[in-house]
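Worksheet: the structure to be examined is printed underneath.
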Amino acid sequence: MDGGGGQLFSVDPLERQAARGHGAVTSMAAGSDVIVLGTSRGWLVRHDYTFEDAHDLDLGSGRSGDHSVHRVFLDPGGKHCVATVVHPGGAETYYHHARWPRPKPLPRLRGLLVNAVAWNRQSITEASTKEVILGTESGQIFEMAVDEADKREKYVKPLFQLTEQREGIKDLQMETAVVGNSTRYYVMAVTPTRLYSFTGIGSLETVFTSYSDRAIHFMELPGEIPNSELHFFIKQRRAKHFGWLSGSGIYHGELNFGAQHSSTSGDENFVENKGFFDYSKLGDSGTKPRSFALSEFHFLLLIGDKIKVVNRISQQMVEELVVDNTPETSRGIIGLCSDASTGLFYAYDESSIFQISTSDEGRDMWQVYLDMNHYAAALSHCRNPFQRDRVYLVQADAAFAAKEHFIAASFYAKMNYILSFEEISLKFISIGEQDALRTFLLRRLDNLTKDDKMQITMISTWATELYLDKINRLLLEDSTGSTTNSVAEPNSSEYRSIVNEFRAFLSDSKDVLDEATTMRLLESYGRVDELVYFAGLKEQYEIVVHHYIQQGEARKALEVLQRRNVPVDLVYKFAPDLIMLDAYETVESWMMVRNKLNPGKLIPAMMRYVSEPHAKNETHEVIKYLEFCVKDLENKDPGVHNLLLSLYAKKEDESQLLQFLDTKFGKGQTNGPEFFYDPKYALRLCLQEKRMRACVRIYSMMSMHEEAVALALKVDLELAKAEADKVEDDEELRKKLWLKVAKHVIEQEKGVKRENIKKAIEFLSETNNLLKVEDILPFFPDFVLIDDFKEISQPFILPGESDEKASWDIKPQPTPQKILPMTMSI
């Protein structure tokens, strides 16, 4: 039974003297707040409730005798009317338009008793009926069209004739649907015992012609009834379902005109969810309805002077309406009809019209569907959250009773009012269903809004603990060997599945979980990997990097540090550990970010790395990075340059060190230095490492030329000469440096006197006239025999002078065989 809340339908008198003195009402039709009545004296009475107007239309044309209106038909728009009159001479059919003063006969239908008319609701206009289908008592179906301007029928075509079982067509309905560029017609016709269905694409004529060579689809039911009726329920100008008042009961079903499911006969099966209501359920000793109407959810059955309302879905009688008709009415209520455009229903007797209306006939349909366990339909008809909770509760309790706890959890989670969160949680806790409880919490989170921040955080934290408990239980089962099925090893599918699900949950809930609480939970359960994962989600990168370093996974740590939103200070903080863990990957990472790092802040890490022993042929990663900074990034930091210089100084091969000293990295900069390292530090370092050639270069760069030449003389004479020759703008200093070299050369010669003197004289040629013989004579030994000089007194030609000009002038002294310092003239 439907729920309470007052009656669904009500019936009230609308017109007491509806025929306006033109006899008894015999037939009625309605559309768009217009009602047309046919009377026993051959009149049509048109009531237009939009304008509160009424018109009397005489179909008898003044003829005397009996000429009662057999049936009257009105289109859904209330403009076009067809009526059939029966008189002693036969039957006459008329057409009337709302704007006409009087109806016009349709001569081509003369003699045909028209029982049914089906309008094409999709095509009809105010000016034209378009195609109309008519059914006759002789079992014929015709097509007709009338244009208001023509004042007569455009055509009348015979479409079909029932031959197998000759019965009258009692009612007709038609619907159309667009298929590509064509129209598909759906036609249903009823006789006292059969319901026929026709369908096809093209025109009505081609559709019915096609049944000459294919089977006709029909439903046959036994029994007799005063009037076989067929009604479509129309919503938004489309037929949604149908009902046939047959001799056995009401055959009904849903209409799906978009269905493309063809039956074996070629007909489209556009009827779905068929049903049958047996009159025996009415409990009236086999009394059959005289007429019926079809609403969205109910059948309105006219039995005597009462209208019984039966729910179409549950097939239960829900109401009984008593029509307050006048006592003097002899026949009682004649029939029911409906106005598809307004949703109103009418009952009529010989003199009066009664309006049947409903304010909300679908208000209890959620309960009807729920009682039938049609949960999806019940939910679609719920009007408020409390009704929806009732549906969810029934589903949840049913699943819980069947021990389908996960399904129950999902339904309980959707409830907001009937059961509290605590009551539902206790249901699962009391039976030890931790997994189902977790499912309930997760589904409850899905159904909460962003405004429920506190509840979301609380439930999310609880769900986190349940996940951790589940993971630990799997590990515990594995360690105790209590599982009888698959072993829950760390790599088992169940274990990995729950861990992956947990991580996905952490990712989804990272913004609602309390950071400190969650991290404490993860730590207390020993889930380090998940702790690191969550820390990454919360951008606690220090924890993540520290974990990867502890695990020896330098590359993963570096990948974290390379993320855009990671503070650069973390790169400096973890640089010492990372370079010791994997120097190659660390340096490659530093080089990848290029100018984002300050190399000076990485010096402590690099110093730690270089302090450790390394294989002799190992690629020195710090040198690689420093060279990248100096050469590619043009770094000016003295610390960087000093460190690179110190690493070069430690190498046995001095070539890189000398090349570095010779390269002017600051060259070309306005008012800038030629180099960025500290020369004093460099000198101390090179002296300490005994890199003498480098020391010579540094002395030279520091303009300490005397020291440079003095040191060079200890290393390489040619180097000393080169250093002496570098001084170009100070002639006196240059001469002084060359004299140092000359003195060294003379003192180092250990050959015979003749050769010593000869080599000294040859050395003078390298000075480019800077030194003369008299400059170097003091460097010879104190006593030189005259005979020794006589032996080398051959002319000596200086570069650029002629032979005639070169001569020795040695003045003999009276002293013993010893020559004191001499002079030489050239």
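We label chains A, B, ... in the order they appear in the structure tokens, count residues from 1 in each chain, and number ligands from 1 in the order shown.
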
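Here the DSSP assignment of alpha helix (DSSP H), based on backbone atoms, applies within stretch 82-311 of chain A to Leu204, Glu205, Thr206, Val207, Phe208 and Thr209 of chain A.
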
Filtering to C-alpha atoms, could you give me those residues as a short mmCIF file (atom, residue, chain, number, x, y, z; two decimals), in the first residue's frame?
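out30.cif, written as the output of this step:
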```cif
data_model
loop_
_atom_site.label_atom_id
_atom_site.label_comp_id
_atom_site.auth_asym_id
_atom_site.auth_seq_id
_atom_site.Cartn_x
_atom_site.Cartn_y
_atom_site.Cartn_z
CA LEU A 204 1.45 5.05 -42.97
CA GLU A 205 0.38 3.54 -46.27
CA THR A 206 3.72 1.74 -46.82
CA VAL A 207 3.80 0.58 -43.18
CA PHE A 208 0.40 -1.12 -43.37
CA THR A 209 0.97 -2.40 -46.90
#
```

(message) Please report the interatomic distance between atom CA of A:Ile225 and atom CA of A:Thr287 in Å with one decimal.
(response) 10.0 Å

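For A:Thr93, the non-local neighbours within 10 Å, defined as residues at least 5 positions apart in the same chain or in other chains and counting only C-alpha atoms, are Leu59, Val69, His70, Arg71, Val72, Val82, Ala83, Thr84, Val85, Val86, Pro103, Lys104, Pro105, Leu106, Pro107, Arg108, Leu109, Arg110, Gly111, Leu112, Leu113 and Val114 of chain A.
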
Show me, as JSON lines, the residues of stretch 63-131 of chain A having an atom within 10 Å of stretch 228-247 of chain A, each with the closest atom pair and its distance in Å, using only C-alpha atoms.
```
{"residue": "A:Pro76", "atom": "CA", "partner": "A:Arg237", "partner_atom": "CA", "distance": 9.4}
{"residue": "A:Ala116", "atom": "CA", "partner": "A:Glu229", "partner_atom": "CA", "distance": 9.5}
{"residue": "A:Arg121", "atom": "CA", "partner": "A:Arg237", "partner_atom": "CA", "distance": 7.2}
{"residue": "A:Gln122", "atom": "CA", "partner": "A:Arg237", "partner_atom": "CA", "distance": 7.7}
```

(request) Give the strand (DSSP E) residues of stretch 19-234 of chain A, as DSSP finds them on the backbone, and put them as a PyMOL selection string. (result) chain A and resi 25-31+34-39+43-48+53-58+68-74+80-87+90-97+104-105+114-119+132-136+140-147+152-161+171-179+182-190+194-201+217-220+229-234

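Between A:Ile333 and the candidates A:Gly249, A:Asn311, A:Pro289, A:Ile429, the tightest atom-to-atom separation, counting only C-alpha atoms, involves A:Pro289.
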
(message) For a quick check of understanding, using only C-alpha atoms, which of A:Ile307, A:Ala24, A:Leu302, A:Leu74 has the smallest distance to A:Phe9?
(response) A:Ile307

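In terms of minimum interatomic distance to A:Leu719, A:Arg697 ranks closest within A:Arg444, A:Arg697, A:His47, A:Arg41, counting only C-alpha atoms.
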
(message) Neighbouring residues of stretch 586-589 of chain A were defined as those with any atom within 12 Å, considering only C-alpha atoms; residues of the same chain fewer than 4 positions away were excluded. Please report them as a PyMOL selection string.
(response) chain A and resi 549+553-563+571-572+574-582+593-594+596-597+599+602+605-606+609+619-629

(message) Can you tell me which residues surround A:Arg443 at a distance of at most 12 Å, considering only C-alpha atoms, apart from same-chain residues fewer than 5 positions away, and format the answer as a PyMOL selection string?
(response) chain A and resi 406-415+436-438+448+456+459-460+463+505

What lies within 7 Å of stretch 196-198 of chain A using only C-alpha atoms, ignoring chain neighbours under 5 positions off, as a PDB file with N, CA, C and O atoms, in the first residue's frame?
```
ATOM      1  N   TYR A 186       4.559   3.941 -35.049  1.00  0.00           N
ATOM      2  CA  TYR A 186       4.175   2.899 -34.111  1.00  0.00           C
ATOM      3  C   TYR A 186       2.671   3.047 -33.899  1.00  0.00           C
ATOM      4  O   TYR A 186       2.212   4.100 -33.438  1.00  0.00           O
ATOM      5  N   VAL A 187       1.937   2.010 -34.231  1.00  0.00           N
ATOM      6  CA  VAL A 187       0.475   2.069 -34.131  1.00  0.00           C
ATOM      7  C   VAL A 187       0.008   0.879 -33.297  1.00  0.00           C
ATOM      8  O   VAL A 187       0.450  -0.263 -33.518  1.00  0.00           O
ATOM      9  N   MET A 188      -0.886   1.147 -32.354  1.00  0.00           N
ATOM     10  CA  MET A 188      -1.525   0.077 -31.574  1.00  0.00           C
ATOM     11  C   MET A 188      -3.032   0.216 -31.739  1.00  0.00           C
ATOM     12  O   MET A 188      -3.579   1.332 -31.686  1.00  0.00           O
ATOM     13  N   ALA A 189      -3.678  -0.936 -31.946  1.00  0.00           N
ATOM     14  CA  ALA A 189      -5.143  -0.961 -32.116  1.00  0.00           C
ATOM     15  C   ALA A 189      -5.700  -2.094 -31.269  1.00  0.00           C
ATOM     16  O   ALA A 189      -5.086  -3.159 -31.149  1.00  0.00           O
ATOM     17  N   VAL A 190      -6.892  -1.869 -30.674  1.00  0.00           N
ATOM     18  CA  VAL A 190      -7.503  -2.915 -29.863  1.00  0.00           C
ATOM     19  C   VAL A 190      -8.910  -3.214 -30.369  1.00  0.00           C
ATOM     20  O   VAL A 190      -9.631  -2.333 -30.850  1.00  0.00           O
ATOM     21  N   HIS A 217       1.580  -8.679 -35.543  1.00  0.00           N
ATOM     22  CA  HIS A 217       1.887  -8.941 -34.142  1.00  0.00           C
ATOM     23  C   HIS A 217       0.673  -8.538 -33.287  1.00  0.00           C
ATOM     24  O   HIS A 217       0.184  -7.415 -33.379  1.00  0.00           O
ATOM     25  N   PHE A 218       0.200  -9.465 -32.478  1.00  0.00           N
ATOM     26  CA  PHE A 218      -0.948  -9.131 -31.627  1.00  0.00           C
ATOM     27  C   PHE A 218      -0.896  -9.926 -30.339  1.00  0.00           C
ATOM     28  O   PHE A 218      -0.251 -10.970 -30.223  1.00  0.00           O
ATOM     29  N   MET A 219      -1.591  -9.418 -29.318  1.00  0.00           N
ATOM     30  CA  MET A 219      -1.783 -10.085 -28.029  1.00  0.00           C
ATOM     31  C   MET A 219      -3.278 -10.370 -27.897  1.00  0.00           C
ATOM     32  O   MET A 219      -4.105  -9.469 -28.066  1.00  0.00           O
TER      33      MET A 219
END
```

Contacts between stretch 506-512 of chain A and stretch 375-493 of chain A, please, where a residue of stretch 375-493 of chain A counts if it comes within 12 Å (with only C-alpha atoms); show its shortest atom pair and distance in Å to one decimal, rows by chain and ascending number, as a Markdown table.
```
| residue | atom | partner | partner_atom | distance |
| --- | --- | --- | --- | --- |
| A:Leu442 | CA | A:Ser509 | CA | 10.5 |
| A:Leu445 | CA | A:Ser509 | CA | 9.7 |
| A:Asp446 | CA | A:Asp508 | CA | 10.8 |
| A:Lys450 | CA | A:Val512 | CA | 9.8 |
| A:Asp451 | CA | A:Val512 | CA | 11.6 |
| A:Asp452 | CA | A:Val512 | CA | 10.5 |
| A:Lys453 | CA | A:Val512 | CA | 7.5 |
| A:Met454 | CA | A:Val512 | CA | 8.8 |
| A:Gln455 | CA | A:Val512 | CA | 9.9 |
| A:Ile456 | CA | A:Val512 | CA | 6.9 |
| A:Thr457 | CA | A:Val512 | CA | 5.4 |
| A:Met458 | CA | A:Val512 | CA | 9.1 |
| A:Ile459 | CA | A:Val512 | CA | 9.9 |
| A:Ser460 | CA | A:Ser509 | CA | 7.1 |
| A:Thr461 | CA | A:Val512 | CA | 9.0 |
| A:Ala463 | CA | A:Leu506 | CA | 10.0 |
| A:Thr464 | CA | A:Leu506 | CA | 8.0 |
| A:Glu465 | CA | A:Leu506 | CA | 11.5 |
| A:Tyr467 | CA | A:Leu506 | CA | 10.3 |
| A:Leu468 | CA | A:Leu506 | CA | 11.6 |
```

(request) Please measure the separation of atom CA of A:His55 and atom CA of A:Pro101, giving the value in Å to one decimal. (result) 8.9 Å

(request) Quick one: everything within 7 Å of A:Gly335, counting only C-alpha atoms, minus sequence neighbours fewer than 2 positions away in the same chain. Send it as an NGL selection string. (result) :A and (290-291 or 333 or 337 or 347-348)

Save out the residues we just selected, N, CA, C and O atoms, as a short mmCIF file (atom, residue, chain, number, x, y, z; two decimals), in the first residue's frame.
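Contents of out37.cif, freshly written:
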```cif
data_model
loop_
_atom_site.label_atom_id
_atom_site.label_comp_id
_atom_site.auth_asym_id
_atom_site.auth_seq_id
_atom_site.Cartn_x
_atom_site.Cartn_y
_atom_site.Cartn_z
N ARG A 290 -16.12 -0.37 -16.29
CA ARG A 290 -16.83 0.15 -17.45
C ARG A 290 -15.91 1.02 -18.29
O ARG A 290 -16.06 1.09 -19.51
N SER A 291 -14.95 1.67 -17.67
CA SER A 291 -14.00 2.54 -18.37
C SER A 291 -12.77 2.68 -17.49
O SER A 291 -12.79 2.31 -16.30
N ILE A 333 -22.41 6.88 -13.78
CA ILE A 333 -21.23 7.40 -14.48
C ILE A 333 -21.02 6.59 -15.74
O ILE A 333 -20.95 5.35 -15.72
N CYS A 337 -12.27 10.02 -19.14
CA CYS A 337 -11.35 10.46 -20.20
C CYS A 337 -10.28 11.33 -19.58
O CYS A 337 -10.39 11.75 -18.41
N ALA A 347 -14.59 12.40 -15.31
CA ALA A 347 -15.66 11.40 -15.35
C ALA A 347 -16.93 12.15 -15.76
O ALA A 347 -17.07 13.35 -15.53
N TYR A 348 -17.83 11.44 -16.40
CA TYR A 348 -19.05 12.11 -16.85
C TYR A 348 -20.22 11.14 -16.79
O TYR A 348 -20.08 9.92 -16.93
#
```

(request) Please measure the separation of atom CA of A:Arg363 and atom CA of A:Ala29, giving the value in Å to one decimal. (result) 28.3 Å
